[in-house]
$ cat query25.pdb   # PDB, C-alpha atoms, pLDDT in the B column
ATOM      1  CA  MET A   1      41.206 -34.487 -90.417  1.00 46.00           C
ATOM      2  CA  LYS A   2      40.221 -31.221 -88.794  1.00 50.00           C
ATOM      3  CA  ARG A   3      41.695 -32.083 -85.392  1.00 54.00           C
ATOM      4  CA  LYS A   4      43.459 -29.175 -83.765  1.00 56.00           C
ATOM      5  CA  ILE A   5      47.141 -29.511 -83.009  1.00 66.00           C
ATOM      6  CA  LYS A   6      48.121 -27.159 -80.206  1.00 78.00           C
ATOM      7  CA  LEU A   7      51.050 -25.185 -81.600  1.00 80.00           C
ATOM      8  CA  PHE A   8      50.449 -25.731 -85.294  1.00 82.00           C
ATOM      9  CA  GLY A   9      46.688 -25.261 -85.379  1.00 82.00           C
ATOM     10  CA  ASN A  10      45.993 -27.947 -87.996  1.00 87.00           C
ATOM     11  CA  MET A  11      47.565 -30.782 -89.971  1.00 87.00           C
ATOM     12  CA  LYS A  12      48.254 -28.615 -93.025  1.00 88.00           C
ATOM     13  CA  VAL A  13      50.456 -26.239 -90.999  1.00 90.00           C
ATOM     14  CA  LEU A  14      52.171 -29.158 -89.252  1.00 92.00           C
ATOM     15  CA  CYS A  15      52.950 -30.913 -92.547  1.00 92.00           C
ATOM     16  CA  THR A  16      54.099 -27.680 -94.204  1.00 93.00           C
ATOM     17  CA  ALA A  17      56.376 -26.952 -91.230  1.00 96.00           C
ATOM     18  CA  ALA A  18      57.836 -30.465 -91.523  1.00 96.00           C
ATOM     19  CA  ILE A  19      58.484 -29.980 -95.242  1.00 96.00           C
ATOM     20  CA  LEU A  20      60.131 -26.591 -94.611  1.00 97.00           C
ATOM     21  CA  THR A  21      62.282 -28.178 -91.884  1.00 98.00           C
ATOM     22  CA  ALA A  22      63.406 -30.912 -94.273  1.00 97.00           C
ATOM     23  CA  LEU A  23      64.082 -28.339 -96.984  1.00 97.00           C
ATOM     24  CA  ALA A  24      66.278 -26.292 -94.615  1.00 97.00           C
ATOM     25  CA  VAL A  25      68.263 -29.449 -93.728  1.00 96.00           C
ATOM     26  CA  VAL A  26      68.772 -30.360 -97.391  1.00 95.00           C
ATOM     27  CA  ILE A  27      69.859 -26.825 -98.336  1.00 95.00           C
ATOM     28  CA  ALA A  28      72.286 -26.726 -95.385  1.00 92.00           C
ATOM     29  CA  TYR A  29      73.711 -30.105 -96.350  1.00 91.00           C
ATOM     30  CA  LEU A  30      74.196 -29.083 -99.980  1.00 91.00           C
ATOM     31  CA  CYS A  31      75.886 -25.820 -98.951  1.00 88.00           C
ATOM     32  CA  LYS A  32      78.423 -27.457 -96.586  1.00 82.00           C
ATOM     33  CA  PHE A  33      81.113 -27.192 -99.244  1.00 81.00           C
ATOM     34  CA  MET A  34      80.737 -23.386 -99.247  1.00 83.00           C
ATOM     35  CA  THR A  35      82.138 -23.018 -95.720  1.00 79.00           C
ATOM     36  CA  PHE A  36      85.270 -20.962 -95.200  1.00 81.00           C
ATOM     37  CA  GLY A  37      86.100 -20.835 -91.483  1.00 76.00           C
ATOM     38  CA  SER A  38      83.370 -18.818 -89.771  1.00 76.00           C
ATOM     39  CA  ILE A  39      81.870 -17.860 -93.154  1.00 82.00           C
ATOM     40  CA  ARG A  40      79.224 -20.092 -94.685  1.00 84.00           C
ATOM     41  CA  ILE A  41      77.400 -19.139 -97.840  1.00 90.00           C
ATOM     42  CA  THR A  42      73.995 -20.766 -97.591  1.00 92.00           C
ATOM     43  CA  PHE A  43      70.303 -20.137 -97.998  1.00 95.00           C
ATOM     44  CA  GLU A  44      69.213 -22.648 -95.342  1.00 95.00           C
ATOM     45  CA  ASN A  45      67.410 -19.846 -93.501  1.00 96.00           C
ATOM     46  CA  LEU A  46      65.009 -19.263 -96.394  1.00 97.00           C
ATOM     47  CA  PRO A  47      62.563 -22.066 -95.402  1.00 98.00           C
ATOM     48  CA  ILE A  48      62.921 -21.139 -91.721  1.00 98.00           C
ATOM     49  CA  ILE A  49      62.059 -17.500 -92.437  1.00 97.00           C
ATOM     50  CA  LEU A  50      59.182 -18.602 -94.677  1.00 96.00           C
ATOM     51  CA  SER A  51      57.724 -20.727 -91.870  1.00 96.00           C
ATOM     52  CA  GLY A  52      57.823 -17.807 -89.436  1.00 95.00           C
ATOM     53  CA  TYR A  53      56.354 -15.433 -91.996  1.00 93.00           C
ATOM     54  CA  LEU A  54      53.507 -17.760 -92.970  1.00 91.00           C
ATOM     55  CA  PHE A  55      52.624 -19.283 -89.610  1.00 93.00           C
ATOM     56  CA  GLY A  56      53.940 -16.970 -86.908  1.00 93.00           C
ATOM     57  CA  PRO A  57      56.890 -16.805 -84.559  1.00 95.00           C
ATOM     58  CA  TRP A  58      56.341 -20.039 -82.622  1.00 95.00           C
ATOM     59  CA  VAL A  59      56.105 -22.264 -85.692  1.00 96.00           C
ATOM     60  CA  GLY A  60      59.157 -20.471 -87.108  1.00 97.00           C
ATOM     61  CA  LEU A  61      61.015 -21.118 -83.856  1.00 97.00           C
ATOM     62  CA  ILE A  62      60.191 -24.846 -83.956  1.00 97.00           C
ATOM     63  CA  VAL A  63      61.219 -25.124 -87.631  1.00 98.00           C
ATOM     64  CA  GLY A  64      64.529 -23.353 -86.907  1.00 98.00           C
ATOM     65  CA  LEU A  65      65.190 -25.501 -83.847  1.00 98.00           C
ATOM     66  CA  ALA A  66      64.306 -28.788 -85.549  1.00 97.00           C
ATOM     67  CA  SER A  67      66.240 -27.983 -88.721  1.00 97.00           C
ATOM     68  CA  ASP A  68      69.424 -27.124 -86.809  1.00 95.00           C
ATOM     69  CA  LEU A  69      69.185 -30.259 -84.643  1.00 95.00           C
ATOM     70  CA  LEU A  70      68.582 -32.461 -87.690  1.00 95.00           C
ATOM     71  CA  ASN A  71      71.297 -30.719 -89.679  1.00 93.00           C
ATOM     72  CA  THR A  72      73.804 -31.369 -86.901  1.00 91.00           C
ATOM     73  CA  ALA A  73      72.633 -34.973 -86.518  1.00 90.00           C
ATOM     74  CA  VAL A  74      73.335 -35.743 -90.187  1.00 88.00           C
ATOM     75  CA  SER A  75      76.644 -33.861 -90.208  1.00 83.00           C
ATOM     76  CA  GLN A  76      80.057 -35.328 -89.555  1.00 78.00           C
ATOM     77  CA  TYR A  77      79.745 -34.319 -85.883  1.00 77.00           C
ATOM     78  CA  GLY A  78      76.551 -36.208 -85.177  1.00 81.00           C
ATOM     79  CA  ILE A  79      74.131 -35.327 -82.415  1.00 81.00           C
ATOM     80  CA  GLY A  80      77.037 -34.836 -79.995  1.00 80.00           C
ATOM     81  CA  GLY A  81      78.204 -31.852 -82.045  1.00 84.00           C
ATOM     82  CA  ILE A  82      75.211 -29.690 -81.211  1.00 90.00           C
ATOM     83  CA  ASN A  83      76.193 -26.134 -80.377  1.00 92.00           C
ATOM     84  CA  PRO A  84      73.278 -24.882 -78.245  1.00 95.00           C
ATOM     85  CA  ILE A  85      74.035 -21.233 -79.003  1.00 96.00           C
ATOM     86  CA  ILE A  86      73.937 -21.813 -82.767  1.00 95.00           C
ATOM     87  CA  THR A  87      70.748 -23.855 -82.315  1.00 96.00           C
ATOM     88  CA  LEU A  88      69.283 -20.917 -80.392  1.00 98.00           C
ATOM     89  CA  GLY A  89      70.334 -18.677 -83.299  1.00 97.00           C
ATOM     90  CA  ALA A  90      68.493 -20.885 -85.790  1.00 97.00           C
ATOM     91  CA  ALA A  91      65.376 -20.867 -83.599  1.00 98.00           C
ATOM     92  CA  THR A  92      65.670 -17.083 -83.304  1.00 98.00           C
ATOM     93  CA  VAL A  93      65.759 -16.745 -87.095  1.00 98.00           C
ATOM     94  CA  GLY A  94      62.338 -18.436 -87.349  1.00 97.00           C
ATOM     95  CA  PHE A  95      60.902 -16.606 -84.365  1.00 97.00           C
ATOM     96  CA  MET A  96      62.009 -13.150 -85.508  1.00 97.00           C
ATOM     97  CA  ALA A  97      60.726 -13.774 -89.048  1.00 96.00           C
ATOM     98  CA  GLY A  98      57.239 -14.265 -87.636  1.00 93.00           C
ATOM     99  CA  LEU A  99      57.385 -11.610 -84.942  1.00 91.00           C
ATOM    100  CA  PRO A 100      56.304  -8.488 -86.855  1.00 82.00           C
ATOM    101  CA  TYR A 101      52.675  -9.561 -86.954  1.00 70.00           C
ATOM    102  CA  SER A 102      50.387  -7.699 -89.291  1.00 69.00           C
ATOM    103  CA  LYS A 103      48.791  -8.295 -92.650  1.00 73.00           C
ATOM    104  CA  LYS A 104      51.249 -10.286 -94.730  1.00 74.00           C
ATOM    105  CA  ASN A 105      52.956  -7.875 -97.111  1.00 84.00           C
ATOM    106  CA  GLY A 106      56.380  -6.945 -98.452  1.00 87.00           C
ATOM    107  CA  LEU A 107      57.189  -4.541 -95.609  1.00 91.00           C
ATOM    108  CA  ARG A 108      56.414  -7.160 -92.962  1.00 93.00           C
ATOM    109  CA  LEU A 109      58.490  -9.714 -94.854  1.00 94.00           C
ATOM    110  CA  GLY A 110      61.402  -7.270 -95.098  1.00 95.00           C
ATOM    111  CA  ILE A 111      61.266  -6.453 -91.382  1.00 94.00           C
ATOM    112  CA  GLY A 112      61.137 -10.169 -90.557  1.00 95.00           C
ATOM    113  CA  VAL A 113      64.146 -10.959 -92.757  1.00 97.00           C
ATOM    114  CA  VAL A 114      66.170  -8.089 -91.262  1.00 97.00           C
ATOM    115  CA  LEU A 115      65.323  -9.035 -87.665  1.00 96.00           C
ATOM    116  CA  ALA A 116      66.024 -12.713 -88.340  1.00 97.00           C
ATOM    117  CA  HIS A 117      69.440 -12.121 -89.860  1.00 97.00           C
ATOM    118  CA  ILE A 118      70.642  -9.439 -87.457  1.00 97.00           C
ATOM    119  CA  LEU A 119      69.657 -11.193 -84.252  1.00 97.00           C
ATOM    120  CA  GLY A 120      69.839 -14.847 -85.314  1.00 97.00           C
ATOM    121  CA  ASN A 121      72.831 -14.937 -87.667  1.00 95.00           C
ATOM    122  CA  MET A 122      74.929 -11.831 -87.094  1.00 96.00           C
ATOM    123  CA  ILE A 123      74.675 -11.794 -83.294  1.00 97.00           C
ATOM    124  CA  ILE A 124      73.624 -15.125 -81.722  1.00 97.00           C
ATOM    125  CA  LYS A 125      75.268 -17.543 -84.157  1.00 95.00           C
ATOM    126  CA  SER A 126      78.440 -15.439 -84.152  1.00 95.00           C
ATOM    127  CA  ILE A 127      78.513 -15.644 -80.353  1.00 96.00           C
ATOM    128  CA  GLY A 128      78.149 -19.430 -80.689  1.00 95.00           C
ATOM    129  CA  LEU A 129      81.110 -19.571 -83.063  1.00 93.00           C
ATOM    130  CA  LYS A 130      83.177 -17.400 -80.697  1.00 95.00           C
ATOM    131  CA  VAL A 131      82.301 -19.355 -77.543  1.00 95.00           C
ATOM    132  CA  PHE A 132      82.421 -22.933 -78.873  1.00 91.00           C
ATOM    133  CA  TYR A 133      85.066 -22.683 -81.589  1.00 90.00           C
ATOM    134  CA  SER A 134      87.153 -19.710 -80.343  1.00 93.00           C
ATOM    135  CA  TYR A 135      86.939 -17.769 -83.597  1.00 92.00           C
ATOM    136  CA  PRO A 136      88.526 -14.355 -83.188  1.00 94.00           C
ATOM    137  CA  LEU A 137      86.282 -11.331 -83.623  1.00 92.00           C
ATOM    138  CA  VAL A 138      88.137 -10.366 -86.813  1.00 93.00           C
ATOM    139  CA  ALA A 139      87.111 -13.693 -88.375  1.00 92.00           C
ATOM    140  CA  LEU A 140      83.468 -13.114 -87.405  1.00 94.00           C
ATOM    141  CA  LEU A 141      83.104  -9.556 -88.720  1.00 95.00           C
ATOM    142  CA  PRO A 142      82.723 -10.610 -92.391  1.00 94.00           C
ATOM    143  CA  ARG A 143      79.512 -12.383 -91.357  1.00 94.00           C
ATOM    144  CA  VAL A 144      77.785  -8.979 -91.114  1.00 96.00           C
ATOM    145  CA  PRO A 145      78.051  -7.966 -94.792  1.00 96.00           C
ATOM    146  CA  LEU A 146      77.627 -11.598 -95.877  1.00 95.00           C
ATOM    147  CA  TYR A 147      74.276 -11.940 -94.110  1.00 95.00           C
ATOM    148  CA  ALA A 148      73.236  -8.470 -95.301  1.00 97.00           C
ATOM    149  CA  VAL A 149      73.679  -9.677 -98.894  1.00 96.00           C
ATOM    150  CA  ILE A 150      72.110 -13.097 -98.198  1.00 96.00           C
ATOM    151  CA  GLY A 151      69.198 -11.333 -96.472  1.00 97.00           C
ATOM    152  CA  ILE A 152      68.566  -9.127 -99.506  1.00 97.00           C
ATOM    153  CA  ILE A 153      68.626 -12.131-101.840  1.00 97.00           C
ATOM    154  CA  GLU A 154      66.365 -14.132 -99.513  1.00 97.00           C
ATOM    155  CA  PHE A 155      63.928 -11.220 -99.256  1.00 97.00           C
ATOM    156  CA  PHE A 156      63.472 -11.060-103.023  1.00 97.00           C
ATOM    157  CA  LEU A 157      63.209 -14.853-103.342  1.00 96.00           C
ATOM    158  CA  LEU A 158      60.651 -15.008-100.533  1.00 95.00           C
ATOM    159  CA  TYR A 159      58.753 -12.029-101.906  1.00 94.00           C
ATOM    160  CA  PHE A 160      58.238 -13.799-105.225  1.00 93.00           C
ATOM    161  CA  ILE A 161      57.613 -17.182-103.594  1.00 92.00           C
ATOM    162  CA  THR A 162      54.876 -15.765-101.360  1.00 89.00           C
ATOM    163  CA  ARG A 163      53.196 -14.137-104.357  1.00 89.00           C
ATOM    164  CA  SER A 164      53.252 -17.378-106.324  1.00 86.00           C
ATOM    165  CA  SER A 165      49.873 -18.714-107.377  1.00 84.00           C
ATOM    166  CA  ALA A 166      51.220 -22.247-106.850  1.00 82.00           C
ATOM    167  CA  LEU A 167      51.921 -21.510-103.170  1.00 76.00           C
ATOM    168  CA  THR A 168      48.526 -19.874-102.806  1.00 72.00           C
ATOM    169  CA  ARG A 169      46.819 -22.980-104.246  1.00 76.00           C
ATOM    170  CA  ALA A 170      48.920 -25.320-102.100  1.00 74.00           C
ATOM    171  CA  MET A 171      47.995 -23.402 -98.963  1.00 70.00           C
ATOM    172  CA  GLY A 172      44.295 -23.544 -99.808  1.00 67.00           C
ATOM    173  CA  GLY A 173      43.576 -20.108-101.208  1.00 60.00           C
ATOM    174  CA  LYS A 174      44.451 -16.456-100.843  1.00 49.00           C
ATOM    175  CA  ASN A 175      43.064 -16.073 -97.328  1.00 40.00           C
ATOM    176  CA  GLU A 176      45.815 -18.243 -95.792  1.00 44.00           C
ATOM    177  CA  LEU A 177      48.651 -16.111 -97.150  1.00 42.00           C
TER     178      LEU A 177
END

$ encode --input "query25.pdb" --output "structure tokens"
Amino acid sequence: MKRKIKLFGNMKVLCTAAILTALAVVIAYLCKFMTFGSIRITFENLPIILSGYLFGPWVGLIVGLASDLLNTAVSQYGIGGINPIITLGAATVGFMAGLPYSKKNGLRLGIGVVLAHILGNMIIKSIGLKVFYSYPLVALLPRVPLYAVIGIIEFFLLYFITRSSALTRAMGGKNEL
């Protein structure tokens, strides 16, 4: 099964991206109860950031896009409740996580997490909340320290996940990480 798949490169990347998409949807669904107005405490971005980090910005973008669309589809709003600006924010999270391309290391992961959260969550998703749901700016400002803390936690979780021998074996050896 060595056929090339345009964006994903091979079946292993495609299947891993699908699993990370599903994981982001499940985490988002489980964290719905931790929503307080414009504030939502969740780690749904962790699999999206991981996909960008492991496979590059375009796979991260697709995982972010697909996970937000699926998450909205299974929510109480259904597919009609899609907020295109928030969906763009989710896609940006994956894209920015994969953008600082270099040898995979802790610094690159940290830069990716920071870029993903600042642009995707703090800026774009906040604009989506302001435009579509008319949240006042005062209600959106707590998102900045919240995502700073979530970003730090996600960085450490991802750092240890990416150094896991189980992940290395699952991905086919050290050269793919």

$ residues_around --input "query25.pdb" --residues "Val26 of chain A" --least-positions-apart "6" --cutoff "10 Å" --atoms "all atoms listed in the file" --output "list in words"
Leu20, Glu44, Ser67, Leu70 and Asn71 of chain A

$ residues_around --input "query25.pdb" --residues "Thr21 of chain A" --least-positions-apart "4" --cutoff "8 Å" --atoms "all atoms listed in the file" --output "short mmCIF file (atom, residue, chain, number, x, y, z; two decimals) with C-alpha atoms, keeping the file's coordinate frame"
data_model
loop_
_atom_site.label_atom_id
_atom_site.label_comp_id
_atom_site.auth_asym_id
_atom_site.auth_seq_id
_atom_site.Cartn_x
_atom_site.Cartn_y
_atom_site.Cartn_z
CA ALA A 17 56.38 -26.95 -91.23
CA VAL A 25 68.26 -29.45 -93.73
CA PRO A 47 62.56 -22.07 -95.40
CA ILE A 48 62.92 -21.14 -91.72
CA VAL A 63 61.22 -25.12 -87.63
CA GLY A 64 64.53 -23.35 -86.91
CA ALA A 66 64.31 -28.79 -85.55
CA SER A 67 66.24 -27.98 -88.72
#

$ resolve_selection --input "query25.pdb" --expression "the PyMOL selection byres ((chain A and resi 59) around 8)" --output "JSON, numbers by chain"
{"A": [7, 8, 17, 51, 52, 55, 56, 57, 58, 60, 61, 62, 63, 94, 95]}

$ resolve_selection --input "query25.pdb" --expression "the PyMOL selection byres ((chain A and resi 135-144) around 12)" --output "PDB file with C-alpha atoms, in the coordinates of the input"
ATOM      1  CA  THR A  35      82.138 -23.018 -95.720  1.00 79.00           C
ATOM      2  CA  PHE A  36      85.270 -20.962 -95.200  1.00 81.00           C
ATOM      3  CA  GLY A  37      86.100 -20.835 -91.483  1.00 76.00           C
ATOM      4  CA  SER A  38      83.370 -18.818 -89.771  1.00 76.00           C
ATOM      5  CA  ILE A  39      81.870 -17.860 -93.154  1.00 82.00           C
ATOM      6  CA  ARG A  40      79.224 -20.092 -94.685  1.00 84.00           C
ATOM      7  CA  ILE A  41      77.400 -19.139 -97.840  1.00 90.00           C
ATOM      8  CA  THR A  42      73.995 -20.766 -97.591  1.00 92.00           C
ATOM      9  CA  VAL A 114      66.170  -8.089 -91.262  1.00 97.00           C
ATOM     10  CA  HIS A 117      69.440 -12.121 -89.860  1.00 97.00           C
ATOM     11  CA  ILE A 118      70.642  -9.439 -87.457  1.00 97.00           C
ATOM     12  CA  LEU A 119      69.657 -11.193 -84.252  1.00 97.00           C
ATOM     13  CA  GLY A 120      69.839 -14.847 -85.314  1.00 97.00           C
ATOM     14  CA  ASN A 121      72.831 -14.937 -87.667  1.00 95.00           C
ATOM     15  CA  MET A 122      74.929 -11.831 -87.094  1.00 96.00           C
ATOM     16  CA  ILE A 123      74.675 -11.794 -83.294  1.00 97.00           C
ATOM     17  CA  ILE A 124      73.624 -15.125 -81.722  1.00 97.00           C
ATOM     18  CA  LYS A 125      75.268 -17.543 -84.157  1.00 95.00           C
ATOM     19  CA  SER A 126      78.440 -15.439 -84.152  1.00 95.00           C
ATOM     20  CA  ILE A 127      78.513 -15.644 -80.353  1.00 96.00           C
ATOM     21  CA  GLY A 128      78.149 -19.430 -80.689  1.00 95.00           C
ATOM     22  CA  LEU A 129      81.110 -19.571 -83.063  1.00 93.00           C
ATOM     23  CA  LYS A 130      83.177 -17.400 -80.697  1.00 95.00           C
ATOM     24  CA  VAL A 131      82.301 -19.355 -77.543  1.00 95.00           C
ATOM     25  CA  PHE A 132      82.421 -22.933 -78.873  1.00 91.00           C
ATOM     26  CA  TYR A 133      85.066 -22.683 -81.589  1.00 90.00           C
ATOM     27  CA  SER A 134      87.153 -19.710 -80.343  1.00 93.00           C
ATOM     28  CA  PRO A 145      78.051  -7.966 -94.792  1.00 96.00           C
ATOM     29  CA  LEU A 146      77.627 -11.598 -95.877  1.00 95.00           C
ATOM     30  CA  TYR A 147      74.276 -11.940 -94.110  1.00 95.00           C
ATOM     31  CA  ALA A 148      73.236  -8.470 -95.301  1.00 97.00           C
ATOM     32  CA  VAL A 149      73.679  -9.677 -98.894  1.00 96.00           C
ATOM     33  CA  ILE A 150      72.110 -13.097 -98.198  1.00 96.00           C
ATOM     34  CA  GLY A 151      69.198 -11.333 -96.472  1.00 97.00           C
TER      35      GLY A 151
END

$ closest_residue --input "query25.pdb" --among "A:Ile49, A:Leu65, A:Ala91, A:Val74" --to "Phe155 of chain A" --atoms "only C-alpha atoms"
A:Ile49

$ residues_around --input "query25.pdb" --residues "Glu154 of chain A" --least-positions-apart "2" --cutoff "8 Å" --atoms "all atoms listed in the file" --output "PyMOL selection string"
chain A and resi 43+46+113+150-152+156-158

$ closest_residue --input "query25.pdb" --among "A:Pro84, A:Ser75, A:Ile161, A:Tyr53" --to "Arg108 of chain A" --atoms "all atoms listed in the file"
A:Tyr53

$ atom_distance --input "query25.pdb" --atom1 "atom CA of Ile86 of chain A" --atom2 "atom CA of Ile27 of chain A"
16.9 Å

$ resolve_selection --input "query25.pdb" --expression "the PyMOL selection byres ((chain A and resi 100) around 10)" --output "CSV table (one decimal) with C-alpha atoms, in the coordinates of the input"
chain,number,residue,atom,x,y,z
A,52,GLY,CA,57.8,-17.8,-89.4
A,53,TYR,CA,56.4,-15.4,-92.0
A,56,GLY,CA,53.9,-17.0,-86.9
A,57,PRO,CA,56.9,-16.8,-84.6
A,95,PHE,CA,60.9,-16.6,-84.4
A,96,MET,CA,62.0,-13.2,-85.5
A,97,ALA,CA,60.7,-13.8,-89.0
A,98,GLY,CA,57.2,-14.3,-87.6
A,99,LEU,CA,57.4,-11.6,-84.9
A,101,TYR,CA,52.7,-9.6,-87.0
A,102,SER,CA,50.4,-7.7,-89.3
A,103,LYS,CA,48.8,-8.3,-92.6
A,104,LYS,CA,51.2,-10.3,-94.7
A,107,LEU,CA,57.2,-4.5,-95.6
A,108,ARG,CA,56.4,-7.2,-93.0
A,109,LEU,CA,58.5,-9.7,-94.9
A,110,GLY,CA,61.4,-7.3,-95.1
A,111,ILE,CA,61.3,-6.5,-91.4
A,112,GLY,CA,61.1,-10.2,-90.6
A,115,LEU,CA,65.3,-9.0,-87.7

$ atom_distance --input "query25.pdb" --atom1 "atom CA of Ala116 of chain A" --atom2 "atom CA of Ala90 of chain A"
8.9 Å

$ atom_distance --input "query25.pdb" --atom1 "atom CA of Ala73 of chain A" --atom2 "atom CA of Lys32 of chain A"
13.8 Å

$ closest_residue --input "query25.pdb" --among "A:Val93, A:Ile79, A:Cys31, A:Cys15" --to "Asn45 of chain A" --atoms "all atoms listed in the file"
A:Val93

$ closest_residue --input "query25.pdb" --among "A:Ala18, A:Ala28, A:Met171, A:Leu54" --to "Thr72 of chain A" --atoms "only C-alpha atoms"
A:Ala28

$ residues_around --input "query25.pdb" --residues "Arg163 of chain A" --least-positions-apart "3" --cutoff "10 Å" --atoms "only C-alpha atoms" --output "compact mmCIF listing (two decimals) with C-alpha atoms, in the coordinates of the input"
# COMPACT_ATOMS: atom_id res chain seq x y z
CA ASN A 105 52.96 -7.88 -97.11
CA GLY A 106 56.38 -6.94 -98.45
CA LEU A 158 60.65 -15.01 -100.53
CA TYR A 159 58.75 -12.03 -101.91
CA PHE A 160 58.24 -13.80 -105.22
CA ALA A 166 51.22 -22.25 -106.85
CA LEU A 167 51.92 -21.51 -103.17
CA THR A 168 48.53 -19.87 -102.81
CA LYS A 174 44.45 -16.46 -100.84
CA LEU A 177 48.65 -16.11 -97.15

$ closest_residue --input "query25.pdb" --among "A:Ile153, A:Leu50, A:Leu88, A:Leu30" --to "Asp68 of chain A" --atoms "only C-alpha atoms"
A:Leu88

$ decode --input "query25.pdb" --residues "segment 65-112 of chain A" --atoms "C-alpha atoms" --output "CSV table (one decimal), in the first residue's frame"
chain,number,residue,atom,x,y,z
A,65,LEU,CA,-10.5,22.3,9.6
A,66,ALA,CA,-12.0,18.8,9.6
A,67,SER,CA,-12.1,18.6,13.4
A,68,ASP,CA,-13.9,21.9,13.8
A,69,LEU,CA,-16.5,21.0,11.1
A,70,LEU,CA,-17.1,17.6,12.7
A,71,ASN,CA,-17.2,19.0,16.2
A,72,THR,CA,-19.9,21.5,15.1
A,73,ALA,CA,-21.8,18.8,13.2
A,74,VAL,CA,-22.1,16.7,16.3
A,75,SER,CA,-22.9,19.6,18.6
A,76,GLN,CA,-26.4,20.9,19.5
A,77,TYR,CA,-26.1,23.4,16.6
A,78,GLY,CA,-25.5,20.9,13.8
A,79,ILE,CA,-23.8,21.7,10.6
A,80,GLY,CA,-25.9,24.9,10.3
A,81,GLY,CA,-24.1,26.3,13.3
A,82,ILE,CA,-20.7,26.5,11.6
A,83,ASN,CA,-18.9,29.7,12.4
A,84,PRO,CA,-16.5,30.1,9.4
A,85,ILE,CA,-14.2,32.4,11.4
A,86,ILE,CA,-13.8,29.9,14.3
A,87,THR,CA,-13.3,27.2,11.7
A,88,LEU,CA,-10.5,29.3,10.1
A,89,GLY,CA,-9.0,29.7,13.6
A,90,ALA,CA,-9.0,25.9,14.1
A,91,ALA,CA,-7.3,25.5,10.7
A,92,THR,CA,-4.8,28.2,11.6
A,93,VAL,CA,-3.9,26.4,14.8
A,94,GLY,CA,-2.8,23.3,12.8
A,95,PHE,CA,-1.1,25.3,10.1
A,96,MET,CA,0.9,27.5,12.5
A,97,ALA,CA,2.0,24.4,14.5
A,98,GLY,CA,3.6,23.0,11.4
A,99,LEU,CA,4.9,26.3,10.0
A,100,PRO,CA,8.3,26.6,11.8
A,101,TYR,CA,9.9,23.9,9.7
A,102,SER,CA,13.2,22.6,10.9
A,103,LYS,CA,14.5,19.5,12.6
A,104,LYS,CA,11.8,18.4,15.0
A,105,ASN,CA,12.9,19.5,18.5
A,106,GLY,CA,11.6,21.2,21.6
A,107,LEU,CA,12.3,24.8,20.4
A,108,ARG,CA,10.4,24.2,17.1
A,109,LEU,CA,7.5,22.6,19.1
A,110,GLY,CA,7.4,25.6,21.5
A,111,ILE,CA,7.4,28.1,18.6
A,112,GLY,CA,4.6,26.1,16.9
